[in-house]
>>> print(open('coords.csv').read())   # CSV, C-alpha atoms
chain,number,residue,atom,x,y,z
L,20,MET,CA,-80.3,50.5,32.8
L,21,LEU,CA,-79.4,51.8,36.2
L,22,PRO,CA,-77.1,49.7,38.4
L,23,ARG,CA,-78.9,47.5,41.0
L,24,VAL,CA,-78.4,49.3,44.3
L,25,ARG,CA,-80.0,48.4,47.6
L,26,ILE,CA,-80.2,51.8,49.3
L,27,SER,CA,-82.5,52.8,52.1
L,28,ILE,CA,-83.1,56.4,53.2
L,29,SER,CA,-81.7,55.6,56.6
L,30,CYS,CA,-78.4,54.4,55.1
L,31,LEU,CA,-78.2,57.5,52.9
L,32,LEU,CA,-78.7,59.6,56.0
L,33,VAL,CA,-75.9,57.9,57.9
L,34,ILE,CA,-73.4,58.3,55.0
L,35,ALA,CA,-74.5,61.8,54.1
L,36,THR,CA,-74.2,62.8,57.7
L,37,ALA,CA,-70.7,61.4,57.9
L,38,ILE,CA,-69.6,63.3,54.8
L,39,GLY,CA,-71.3,66.4,55.9
L,40,SER,CA,-73.1,69.0,53.8
L,41,ILE,CA,-74.0,66.4,51.2
L,42,LEU,CA,-77.4,66.8,49.7
L,43,LEU,CA,-79.5,63.6,49.6
L,44,PRO,CA,-80.6,62.7,46.1
L,45,ALA,CA,-84.0,61.7,47.3
L,46,SER,CA,-84.4,64.9,49.4
L,47,PRO,CA,-83.1,68.0,47.6
L,48,GLY,CA,-82.3,70.9,49.9
L,49,ILE,CA,-81.7,68.8,53.0
L,50,SER,CA,-78.2,69.5,54.4
L,51,LEU,CA,-76.7,67.3,57.1
L,52,PHE,CA,-73.6,67.8,59.2
L,53,ALA,CA,-70.8,65.7,60.6
L,54,GLN,CA,-71.6,63.2,63.3
L,55,ASP,CA,-70.2,63.4,66.8
L,56,PHE,CA,-68.9,60.0,68.0
L,57,THR,CA,-68.5,61.1,71.6
L,58,SER,CA,-70.1,58.5,73.9
L,59,ASP,CA,-73.0,59.6,76.1
L,60,GLU,CA,-71.2,57.7,78.9
L,61,PRO,CA,-67.5,58.2,78.4
L,62,LEU,CA,-65.1,55.9,80.2
L,63,HIS,CA,-63.5,57.2,83.4
L,64,THR,CA,-60.0,55.9,83.8
L,65,ASP,CA,-58.2,55.4,87.1
L,66,VAL,CA,-54.5,54.9,86.8
L,67,LYS,CA,-52.2,53.6,89.5
L,68,PHE,CA,-48.5,52.4,89.6
L,69,GLU,CA,-46.7,49.6,91.2
L,70,LEU,CA,-42.9,50.0,91.5
L,71,LEU,CA,-40.9,46.8,92.1
L,72,LEU,CA,-37.6,47.1,93.9
L,73,SER,CA,-34.6,45.4,92.5
L,74,ARG,CA,-34.0,41.9,93.9
L,75,GLU,CA,-30.2,42.3,93.5
L,76,ARG,CA,-29.6,45.9,94.7
L,77,THR,CA,-32.4,47.7,96.4
L,78,ASN,CA,-32.4,51.5,96.0
L,79,GLY,CA,-34.7,52.6,98.9
L,80,LEU,CA,-33.8,56.3,98.5
L,81,ALA,CA,-35.0,56.3,94.9
L,82,GLY,CA,-38.2,54.5,95.9
L,83,GLN,CA,-38.9,57.3,98.4
L,84,GLN,CA,-38.2,60.0,95.8
L,85,TRP,CA,-40.5,58.3,93.3
L,86,ALA,CA,-43.2,58.0,95.9
L,87,GLU,CA,-43.0,61.8,96.4
L,88,ILE,CA,-43.1,62.5,92.7
L,89,PHE,CA,-46.2,60.4,92.2
L,90,ARG,CA,-47.9,62.2,95.2
L,91,GLU,CA,-47.2,65.5,93.4
L,92,LEU,CA,-48.7,64.0,90.2
L,93,ASN,CA,-51.8,62.9,92.3
L,94,VAL,CA,-51.4,59.3,91.1
L,95,PRO,CA,-51.5,56.4,93.5
L,96,VAL,CA,-48.2,54.4,93.7
L,97,ARG,CA,-46.9,51.5,95.8
L,98,VAL,CA,-43.2,50.8,96.1
L,99,ARG,CA,-42.6,47.2,97.2
L,100,GLN,CA,-40.6,44.1,97.0
L,101,PRO,CA,-41.4,41.9,94.0
L,102,LEU,CA,-43.3,38.6,94.4
L,103,PHE,CA,-42.1,35.4,92.7
L,104,ASN,CA,-44.1,35.9,89.5
L,105,ASP,CA,-44.1,39.7,89.3
L,106,LYS,CA,-43.1,41.4,86.1
L,107,SER,CA,-43.4,44.8,84.5
L,108,GLY,CA,-46.3,45.6,82.3
L,109,ILE,CA,-49.6,47.4,81.8
L,110,GLU,CA,-52.9,45.7,82.9
L,111,GLN,CA,-56.4,47.0,82.5
L,112,GLN,CA,-59.8,46.0,83.9
L,113,THR,CA,-63.1,47.6,82.9
L,114,PHE,CA,-66.2,47.8,85.1
L,115,GLY,CA,-69.1,49.5,83.4
L,116,THR,CA,-67.9,53.0,82.5
L,117,THR,CA,-64.8,52.8,84.8
L,118,ARG,CA,-61.5,51.6,83.4
L,119,ARG,CA,-58.7,50.7,85.9
L,120,VAL,CA,-55.2,50.7,84.6
L,121,THR,CA,-52.3,49.4,86.6
L,122,ALA,CA,-48.7,50.1,85.4
L,123,THR,CA,-46.1,47.9,87.0
L,124,GLY,CA,-42.5,49.0,86.5
L,125,LEU,CA,-39.1,47.9,87.8
L,126,LEU,CA,-37.0,50.3,89.9
L,127,ASP,CA,-33.5,49.6,88.8
L,128,HIS,CA,-30.3,50.1,90.9
L,129,GLY,CA,-29.7,53.5,89.2
L,130,GLY,CA,-33.1,54.8,90.3
L,131,ASP,CA,-34.9,54.7,87.0
L,132,ILE,CA,-38.3,53.1,86.6
L,133,VAL,CA,-38.5,50.7,83.7
L,134,PHE,CA,-41.5,49.5,81.8
L,135,PRO,CA,-41.6,47.1,78.8
L,136,ASP,CA,-41.4,49.9,76.2
L,137,ARG,CA,-40.1,52.9,78.1
L,138,ARG,CA,-38.2,54.1,81.1
L,139,PHE,CA,-38.1,57.3,83.2
L,140,SER,CA,-35.4,59.0,85.3
L,141,ARG,CA,-36.3,61.2,88.2
L,142,ASN,CA,-35.7,64.4,86.1
L,143,GLU,CA,-38.2,63.3,83.5
L,144,VAL,CA,-41.4,64.2,85.4
L,145,ALA,CA,-42.9,66.1,82.5
L,146,LYS,CA,-42.4,63.1,80.2
L,147,LEU,CA,-44.0,60.8,82.9
L,148,ARG,CA,-46.9,63.2,83.3
L,149,GLU,CA,-47.6,63.1,79.6
L,150,TRP,CA,-47.7,59.3,79.6
L,151,ILE,CA,-50.0,59.2,82.6
L,152,GLU,CA,-52.4,61.5,80.7
L,153,GLU,CA,-52.2,59.2,77.7
L,154,LEU,CA,-53.1,56.2,79.9
L,155,LYS,CA,-56.0,58.2,81.3
L,156,THR,CA,-57.3,59.1,77.8
L,157,TYR,CA,-56.7,55.8,75.9
L,158,GLY,CA,-56.3,53.2,78.6
L,159,ALA,CA,-53.6,50.5,78.7
L,160,GLN,CA,-53.2,50.4,74.9
L,161,GLY,CA,-52.1,54.0,74.8
L,162,ALA,CA,-52.5,56.5,72.0
L,163,PRO,CA,-52.9,54.7,68.7
L,164,THR,CA,-50.6,57.1,66.6
L,165,GLY,CA,-47.5,55.3,65.4
L,166,GLN,CA,-48.5,51.9,66.8
L,167,PRO,CA,-48.8,48.8,64.5
L,168,LEU,CA,-52.2,47.8,63.4
L,169,TRP,CA,-53.4,51.3,63.8
L,170,GLY,CA,-53.2,51.0,67.6
L,171,MET,CA,-55.5,48.0,67.8
L,172,THR,CA,-54.7,44.7,69.3
L,173,GLN,CA,-54.2,41.7,67.0
L,174,ALA,CA,-57.6,40.4,68.0
L,175,GLU,CA,-59.3,43.7,67.4
L,176,PHE,CA,-57.7,44.0,64.0
L,177,ASP,CA,-58.6,40.5,63.0
L,178,VAL,CA,-62.3,41.3,63.7
L,179,LEU,CA,-62.1,44.4,61.5
L,180,HIS,CA,-60.2,42.6,58.8
L,181,ALA,CA,-62.8,39.8,58.7
L,182,ALA,CA,-65.5,42.4,58.3
L,183,MET,CA,-63.6,44.0,55.5
L,184,GLN,CA,-63.1,40.7,53.7
L,185,LYS,CA,-66.7,40.5,52.5
L,186,PRO,CA,-67.0,41.1,48.7
L,187,VAL,CA,-68.9,44.1,47.3
L,188,GLU,CA,-72.0,42.9,45.6
L,189,THR,CA,-73.3,46.1,43.9
L,190,ALA,CA,-71.9,48.0,41.0
L,191,THR,CA,-70.5,51.4,41.9
L,192,ARG,CA,-69.6,53.0,38.5
L,193,ASP,CA,-71.5,56.2,37.7
L,194,LEU,CA,-73.1,56.4,41.2
L,195,ASP,CA,-72.8,59.6,43.2
L,196,LEU,CA,-70.3,59.3,46.1
L,197,THR,CA,-73.0,58.9,48.9
L,198,ALA,CA,-74.8,56.1,47.0
L,199,ALA,CA,-71.5,54.4,46.1
L,200,ILE,CA,-70.4,54.3,49.8
L,201,VAL,CA,-73.8,52.9,50.7
L,202,ALA,CA,-73.4,50.3,48.0
L,203,LEU,CA,-70.2,49.0,49.6
L,204,GLU,CA,-72.3,48.0,52.7
L,205,LEU,CA,-69.4,48.8,55.1
L,206,PRO,CA,-69.7,47.1,58.5
L,207,GLU,CA,-72.1,49.0,60.8
L,208,LYS,CA,-69.8,48.3,63.8
L,209,TYR,CA,-67.3,50.8,62.4
L,210,PRO,CA,-68.9,54.3,62.0
L,211,LEU,CA,-67.7,56.5,59.1
L,212,LYS,CA,-66.3,60.0,59.7
L,213,PHE,CA,-64.7,62.5,57.3
L,214,SER,CA,-62.2,65.0,58.5
L,215,GLU,CA,-62.9,68.7,57.6
L,216,ALA,CA,-59.9,68.6,55.3
L,217,ALA,CA,-61.2,65.5,53.5
L,218,LYS,CA,-64.6,67.1,52.9
L,219,ALA,CA,-62.8,70.2,51.5
L,220,GLN,CA,-60.7,68.0,49.2
L,221,ILE,CA,-63.8,66.2,47.9
L,222,GLY,CA,-65.4,69.5,47.2
L,223,PRO,CA,-68.9,71.1,47.1
L,224,VAL,CA,-71.7,68.6,46.5
L,225,ASP,CA,-72.8,70.0,43.2
L,226,GLU,CA,-69.2,69.6,41.8
L,227,ILE,CA,-68.5,66.0,43.0
L,228,ALA,CA,-67.9,63.7,40.0
L,229,ALA,CA,-69.6,60.4,39.7
L,230,VAL,CA,-67.6,57.3,40.6
L,231,LYS,CA,-65.5,55.9,37.8
L,232,ASN,CA,-64.5,52.5,39.1
L,233,ASP,CA,-66.7,49.4,39.5
L,234,VAL,CA,-65.4,47.6,42.5
L,235,THR,CA,-67.8,44.7,42.4
L,236,GLY,CA,-66.2,41.5,43.6
L,237,PHE,CA,-63.4,43.2,45.6
L,238,ALA,CA,-63.3,42.9,49.3
L,239,LYS,CA,-64.8,45.9,51.1
L,240,GLY,CA,-61.5,47.2,52.5
L,241,THR,CA,-59.7,47.5,49.2
L,242,ALA,CA,-62.9,48.6,47.4
L,243,PHE,CA,-63.3,51.5,49.9
L,244,ALA,CA,-59.7,52.5,49.5
L,245,LEU,CA,-60.1,52.4,45.7
L,246,LEU,CA,-63.3,54.5,45.8
L,247,LEU,CA,-61.8,57.2,48.0
L,248,ARG,CA,-58.6,57.4,45.9
L,249,GLU,CA,-60.7,58.8,43.1
L,250,TYR,CA,-61.4,61.9,45.3
L,251,GLY,CA,-57.8,62.3,46.6
L,252,VAL,CA,-58.6,61.0,50.1
L,253,ALA,CA,-57.9,57.7,52.0
L,254,PHE,CA,-59.2,56.0,55.2
L,255,ALA,CA,-57.7,54.3,58.2
L,256,PRO,CA,-59.2,52.7,61.3
L,257,LYS,CA,-59.0,55.1,64.2
L,258,ARG,CA,-59.3,53.9,67.8
L,259,LEU,CA,-61.1,56.4,70.0
L,260,PRO,CA,-60.4,57.0,73.7
L,261,ASP,CA,-63.5,54.9,74.6
L,262,GLU,CA,-61.8,52.0,72.7
L,263,SER,CA,-64.3,52.0,69.9
L,264,VAL,CA,-63.0,52.1,66.3
L,265,ILE,CA,-64.3,54.3,63.5
L,266,LEU,CA,-63.3,54.5,59.8
L,267,HIS,CA,-61.7,57.9,59.5
L,268,VAL,CA,-61.4,59.5,56.0
L,269,GLU,CA,-58.5,62.0,55.7
L,270,THR,CA,-56.3,63.7,53.1
L,271,ALA,CA,-52.9,62.4,52.2
L,272,ASP,CA,-51.3,65.3,54.2
L,273,GLU,CA,-53.3,64.3,57.4
L,274,ILE,CA,-53.2,60.6,57.4
L,275,ASP,CA,-50.5,58.7,59.3
L,276,ARG,CA,-50.9,55.3,57.5
L,277,ALA,CA,-53.7,54.7,55.1
L,278,TRP,CA,-55.6,51.4,54.6
L,279,PRO,CA,-53.8,50.3,51.4
L,280,ILE,CA,-55.2,49.8,48.0
L,281,GLY,CA,-54.4,46.1,48.1
L,282,TRP,CA,-51.7,44.4,50.1
L,283,ASP,CA,-48.2,43.3,49.1
L,284,PRO,CA,-48.3,39.5,48.5
L,285,ASP,CA,-44.7,39.1,49.6
L,286,SER,CA,-45.6,40.5,53.1
L,287,LEU,CA,-48.3,37.9,53.4
L,288,GLY,CA,-46.2,35.0,52.3
L,289,LEU,CA,-48.1,34.5,49.0
L,290,SER,CA,-46.5,33.3,45.8
L,291,ARG,CA,-46.9,35.8,43.0
L,292,LEU,CA,-46.6,33.1,40.4
L,293,GLN,CA,-49.4,31.0,42.0
L,294,LEU,CA,-51.6,34.1,42.3
L,295,ALA,CA,-51.1,35.3,38.7
L,296,ARG,CA,-49.4,32.6,36.6
L,297,ASP,CA,-50.4,34.1,33.2
L,298,PHE,CA,-49.1,37.5,34.3
L,299,PHE,CA,-45.6,36.2,35.0
L,300,LEU,CA,-45.0,33.3,32.6
L,301,PRO,CA,-43.4,34.2,29.2
L,302,THR,CA,-45.7,34.4,26.1
L,303,ALA,CA,-45.6,36.0,22.7
L,304,ILE,CA,-46.5,39.7,23.1
L,305,GLU,CA,-46.7,42.3,20.4
L,306,ILE,CA,-48.3,45.8,20.7
L,307,ASP,CA,-48.7,47.5,17.4
L,308,LYS,CA,-49.9,51.1,17.6
L,309,MET,CA,-52.5,50.4,20.4
L,310,THR,CA,-53.9,53.0,22.7
L,311,MET,CA,-53.1,52.4,26.4
L,312,THR,CA,-56.7,51.5,26.9
L,313,GLN,CA,-56.6,48.9,24.2
L,314,MET,CA,-53.3,47.5,25.4
L,315,LEU,CA,-54.6,47.1,29.0
L,316,ASP,CA,-57.8,45.4,27.7
L,317,GLU,CA,-55.6,42.9,25.9
L,318,CYS,CA,-53.6,42.4,29.1
L,319,ARG,CA,-56.7,41.8,31.1
L,320,GLU,CA,-58.0,39.3,28.6
L,321,THR,CA,-54.8,37.4,28.3
L,322,THR,CA,-53.9,37.3,32.0
L,323,LYS,CA,-57.5,37.1,33.4
L,324,LEU,CA,-56.4,39.7,35.9
L,325,PRO,CA,-58.2,42.9,36.8
L,326,VAL,CA,-56.0,45.9,35.9
L,327,LEU,CA,-57.0,49.0,37.8
L,328,ILE,CA,-55.8,52.5,37.0
L,329,ASP,CA,-55.2,55.3,39.4
L,330,GLY,CA,-57.2,58.1,37.7
L,331,LEU,CA,-55.9,60.6,40.1
L,332,ALA,CA,-52.3,59.9,38.9
L,333,LEU,CA,-53.4,60.2,35.3
L,334,ASP,CA,-55.1,63.5,36.0
L,335,SER,CA,-52.0,64.8,37.7
L,336,LEU,CA,-49.9,64.0,34.7
L,337,ASN,CA,-52.6,65.1,32.2
L,338,TYR,CA,-52.8,61.7,30.6
L,339,ASP,CA,-55.6,60.3,28.6
L,340,PHE,CA,-55.1,56.6,28.0
L,341,ASN,CA,-57.6,56.7,25.1
L,342,ARG,CA,-55.2,59.0,23.2
L,343,ILE,CA,-51.7,57.7,24.3
L,344,VAL,CA,-50.5,55.2,21.6
L,345,VAL,CA,-47.9,52.6,22.4
L,346,ASP,CA,-45.8,50.0,20.6
L,347,TYR,CA,-44.0,46.9,21.9
L,348,PRO,CA,-41.9,44.8,19.4
L,349,ARG,CA,-42.9,41.2,19.2
L,350,ARG,CA,-41.0,39.1,21.6
L,351,ARG,CA,-41.4,36.3,24.1
L,352,THR,CA,-41.7,37.8,27.5
L,353,SER,CA,-44.2,38.2,30.4
L,354,TRP,CA,-47.0,40.7,30.6
L,355,SER,CA,-45.4,41.8,33.9
L,356,LEU,CA,-42.2,42.9,32.2
L,357,ALA,CA,-43.9,44.3,29.1
L,358,LEU,CA,-46.4,46.3,31.2
L,359,ARG,CA,-43.6,47.6,33.5
L,360,THR,CA,-41.7,48.8,30.4
L,361,LEU,CA,-44.8,50.5,28.9
L,362,VAL,CA,-46.0,52.3,32.0
L,363,GLY,CA,-42.5,53.1,33.1
L,364,LYS,CA,-42.1,55.3,30.1
L,365,LEU,CA,-45.0,57.3,31.4
L,366,GLN,CA,-43.6,57.8,34.9
L,367,LEU,CA,-46.0,55.2,36.2
L,368,SER,CA,-45.5,51.9,38.0
L,369,GLN,CA,-47.5,48.6,38.0
L,370,GLU,CA,-47.7,46.4,41.0
L,371,LEU,CA,-49.4,43.1,41.7
L,372,ARG,CA,-51.5,43.4,44.8
L,373,VAL,CA,-54.2,41.4,46.6
L,374,ASP,CA,-57.4,42.4,48.4
L,375,GLU,CA,-58.4,41.2,51.9
L,376,ASN,CA,-59.5,37.8,50.3
L,377,ASN,CA,-56.1,37.5,48.5
L,378,LYS,CA,-57.8,38.2,45.2
L,379,PRO,CA,-55.0,39.5,42.9
L,380,PHE,CA,-55.1,42.6,40.7
L,381,VAL,CA,-52.7,44.9,39.0
L,382,TRP,CA,-52.5,48.5,40.2
L,383,ILE,CA,-51.2,51.2,37.9
L,384,THR,CA,-50.2,54.4,39.6
L,385,ARG,CA,-47.4,56.9,40.0
L,386,PHE,CA,-44.2,55.7,41.8
L,387,GLN,CA,-45.3,55.0,45.3
L,388,ASN,CA,-45.2,57.5,48.2
L,389,ASP,CA,-44.5,55.2,51.2
L,390,ARG,CA,-46.4,57.6,53.6
L,391,THR,CA,-49.7,57.4,51.8
L,392,GLU,CA,-49.5,54.0,50.2
L,393,ALA,CA,-48.6,51.9,53.2
L,394,THR,CA,-48.7,48.1,52.7
L,395,SER,CA,-48.8,47.1,56.4
L,396,GLN,CA,-48.9,43.4,57.1
L,397,ARG,CA,-52.2,42.0,58.1
>>> encode(input="coords.csv", output="structure tokens")
Amino acid sequence: MLPRVRISISCLLVIATAIGSILLPASPGISLFAQDFTSDEPLHTDVKFELLLSRERTNGLAGQQWAEIFRELNVPVRVRQPLFNDKSGIEQQTFGTTRRVTATGLLDHGGDIVFPDRRFSRNEVAKLREWIEELKTYGAQGAPTGQPLWGMTQAEFDVLHAAMQKPVETATRDLDLTAAIVALELPEKYPLKFSEAAKAQIGPVDEIAAVKNDVTGFAKGTAFALLLREYGVAFAPKRLPDESVILHVETADEIDRAWPIGWDPDSLGLSRLQLARDFFLPTAIEIDKMTMTQMLDECRETTKLPVLIDGLALDSLNYDFNRIVVDYPRRRTSWSLALRTLVGKLQLSQELRVDENNKPFVWITRFQNDRTEATSQR
């Protein structure tokens, strides 16, 4: 019997378009191309600066020199005495398609201008010009690269995280990639876009393997990361210059910090023992000539925990868990320790992780690459 999937042609069009050059199952021969998320009415940004003179030791000459520098940069600036409640910072107001950014800095007694997260001397005009262009492009939040929470504010991230908390209701195993992504019912507020490198990594449409994992019951964020992992790609939120956010799928080489396949419970202040008591408490364990698949089935049954396997890692090591036979002498120990020993012999690791709803699961993969398996705090 085929899995129950609620898929409309319009949803298939959106996902297939995002992936690019994917042939729709319902419409053979129709080829679609990548979407352009450029706004029809892009934001225009006006940037101006306020430089506050030092209350203790005013440097009037430096103020005049900075005023001349900003004139050459064609950016409005006002050098003035600070008011009682003045402080450095970046403020922004948006009126329709116009964004107004005001950068207030302190002019110190040495002649540098100081902002909360940066400072400029008078011989760093090129560096200042680069920052001004960043403010004009991205507004007060600046370029998202390298920032926590993928460059979003805490409030913006909380909205995205809440949308990614909703559990997946439809089975994904054996679906084609387009149908599987549709089955996740990702939030419409965040359009999906695949990089050219990611599309190349996934491969030609007639060679894309069906989805192996069933992510039913997992929160959408972790489920999507798990699904993409099968194809050697990952996703991350990407804040665009117009302040909208898309879900951008990239390769491991491209991505700065991927949305993780589950989150580290310790970073969230969660107790591992409370999350997975039967996984950590000692019990009698004996593995007598079982395949890895059989052993993991027993682990799942005993601990009542989902155990997910990184198929990409197994393929890279040429492992078949249906053929690898393992033994573990009878002893009183925890499944956490026993599993760590057994997978460790195969150059693999096991980790307890939680999805966006704090649902625990065990993830078996190769020893982690911190660049691509980020476990950023929520």
>>> closest_residue(input="coords.csv", among="L:Gln369, L:Thr156, L:Ser214, L:Gln112", to="Leu259 (chain L)", atoms="all atoms listed in the file")
L:Thr156
>>> closest_residue(input="coords.csv", among="L:Arg359, L:His267, L:Arg119, L:Arg296", to="Trp169 (chain L)", atoms="only C-alpha atoms")
L:His267
>>> closest_residue(input="coords.csv", among="L:Thr270, L:Lys257, L:Thr197, L:Ala277", to="Gly240 (chain L)", atoms="only C-alpha atoms")
L:Ala277
>>> closest_residue(input="coords.csv", among="L:Ala145, L:Leu125, L:Ile274, L:Val373", to="Phe89 (chain L)", atoms="only C-alpha atoms")
L:Ala145
>>> closest_residue(input="coords.csv", among="L:Phe254, L:Ala182, L:Ala295, L:Leu266", to="Pro210 (chain L)", atoms="only C-alpha atoms")
L:Leu266
>>> closest_residue(input="coords.csv", among="L:Asp329, L:Glu226, L:Asp275, L:Asp131", to="Ile383 (chain L)", atoms="all atoms listed in the file")
L:Asp329
>>> atom_distance(input="coords.csv", atom1="CA of Gly124 (chain L)", atom2="CA of Ser107 (chain L)")
4.7 Å
>>> atom_distance(input="coords.csv", atom1="CA of Arg138 (chain L)", atom2="CA of Arg258 (chain L)")
24.9 Å
>>> residues_near_point(input="coords.csv", point="(-44.3, 49.5, 91.7)", cutoff="12 Å", atoms="all atoms listed in the file", output="ChimeraX atom specification")
/L:67-73,81-83,85-86,89,95-102,105-109,121-127,131-134
>>> atom_distance(input="coords.csv", atom1="CA of Gln293 (chain L)", atom2="CA of Arg350 (chain L)")
23.5 Å
>>> residues_around(input="coords.csv", residues="Trp354 (chain L)", least_positions_apart="2", cutoff="7 Å", atoms="all atoms listed in the file", output="list of chain:residue names")
L:Phe298, L:Phe299, L:Cys318, L:Thr352, L:Leu356, L:Ala357, L:Leu358
>>> residues_around(input="coords.csv", residues="Asp195 (chain L)", least_positions_apart="6", cutoff="8 Å", atoms="all atoms listed in the file", output="PDB file with C-alpha atoms, in the coordinates of the input")
ATOM      1  CA  ILE L 227     -68.500  66.000  43.000  1.00  0.00           C
ATOM      2  CA  ALA L 228     -67.900  63.700  40.000  1.00  0.00           C
ATOM      3  CA  ALA L 229     -69.600  60.400  39.700  1.00  0.00           C
ATOM      4  CA  VAL L 230     -67.600  57.300  40.600  1.00  0.00           C
TER       5      VAL L 230
END
>>> decode(input="coords.csv", residues="region 313-348 of chain L", atoms="C-alpha atoms", output="mmCIF file, in the first residue's frame")
data_model
loop_
_atom_site.group_PDB
_atom_site.id
_atom_site.type_symbol
_atom_site.label_atom_id
_atom_site.label_comp_id
_atom_site.auth_asym_id
_atom_site.auth_seq_id
_atom_site.Cartn_x
_atom_site.Cartn_y
_atom_site.Cartn_z
ATOM 1 C CA GLN L 313 19.422 -6.817 14.698
ATOM 2 C CA MET L 314 21.420 -5.265 17.522
ATOM 3 C CA LEU L 315 19.982 -1.820 16.839
ATOM 4 C CA ASP L 316 16.458 -3.249 16.712
ATOM 5 C CA GLU L 317 16.998 -4.715 20.164
ATOM 6 C CA CYS L 318 18.349 -1.394 21.394
ATOM 7 C CA ARG L 319 15.255 0.391 20.087
ATOM 8 C CA GLU L 320 12.910 -2.123 21.682
ATOM 9 C CA THR L 321 14.627 -2.040 25.063
ATOM 10 C CA THR L 322 15.191 1.715 25.348
ATOM 11 C CA LYS L 323 12.019 2.842 23.508
ATOM 12 C CA LEU L 324 14.230 5.314 21.649
ATOM 13 C CA PRO L 325 14.396 5.961 17.907
ATOM 14 C CA VAL L 326 17.870 5.052 16.631
ATOM 15 C CA LEU L 327 18.674 6.764 13.343
ATOM 16 C CA ILE L 328 21.609 5.817 11.135
ATOM 17 C CA ASP L 329 23.558 8.134 8.879
ATOM 18 C CA GLY L 330 23.335 6.213 5.611
ATOM 19 C CA LEU L 331 25.775 8.612 3.974
ATOM 20 C CA ALA L 332 28.382 7.707 6.591
ATOM 21 C CA LEU L 333 27.797 3.987 6.061
ATOM 22 C CA ASP L 334 28.156 4.371 2.303
ATOM 23 C CA SER L 335 31.406 6.310 2.701
ATOM 24 C CA LEU L 336 32.813 3.427 4.764
ATOM 25 C CA ASN L 337 31.265 0.755 2.536
ATOM 26 C CA TYR L 338 29.297 -0.686 5.473
ATOM 27 C CA ASP L 339 26.221 -2.886 5.261
ATOM 28 C CA PHE L 340 24.642 -3.236 8.717
ATOM 29 C CA ASN L 341 22.745 -6.293 7.495
ATOM 30 C CA ARG L 342 26.075 -8.100 7.014
ATOM 31 C CA ILE L 343 28.251 -6.792 9.854
ATOM 32 C CA VAL L 344 28.054 -9.260 12.787
ATOM 33 C CA VAL L 345 28.883 -8.106 16.319
ATOM 34 C CA ASP L 346 29.287 -9.682 19.755
ATOM 35 C CA TYR L 347 29.109 -8.159 23.221
ATOM 36 C CA PRO L 348 29.786 -10.365 26.282
#
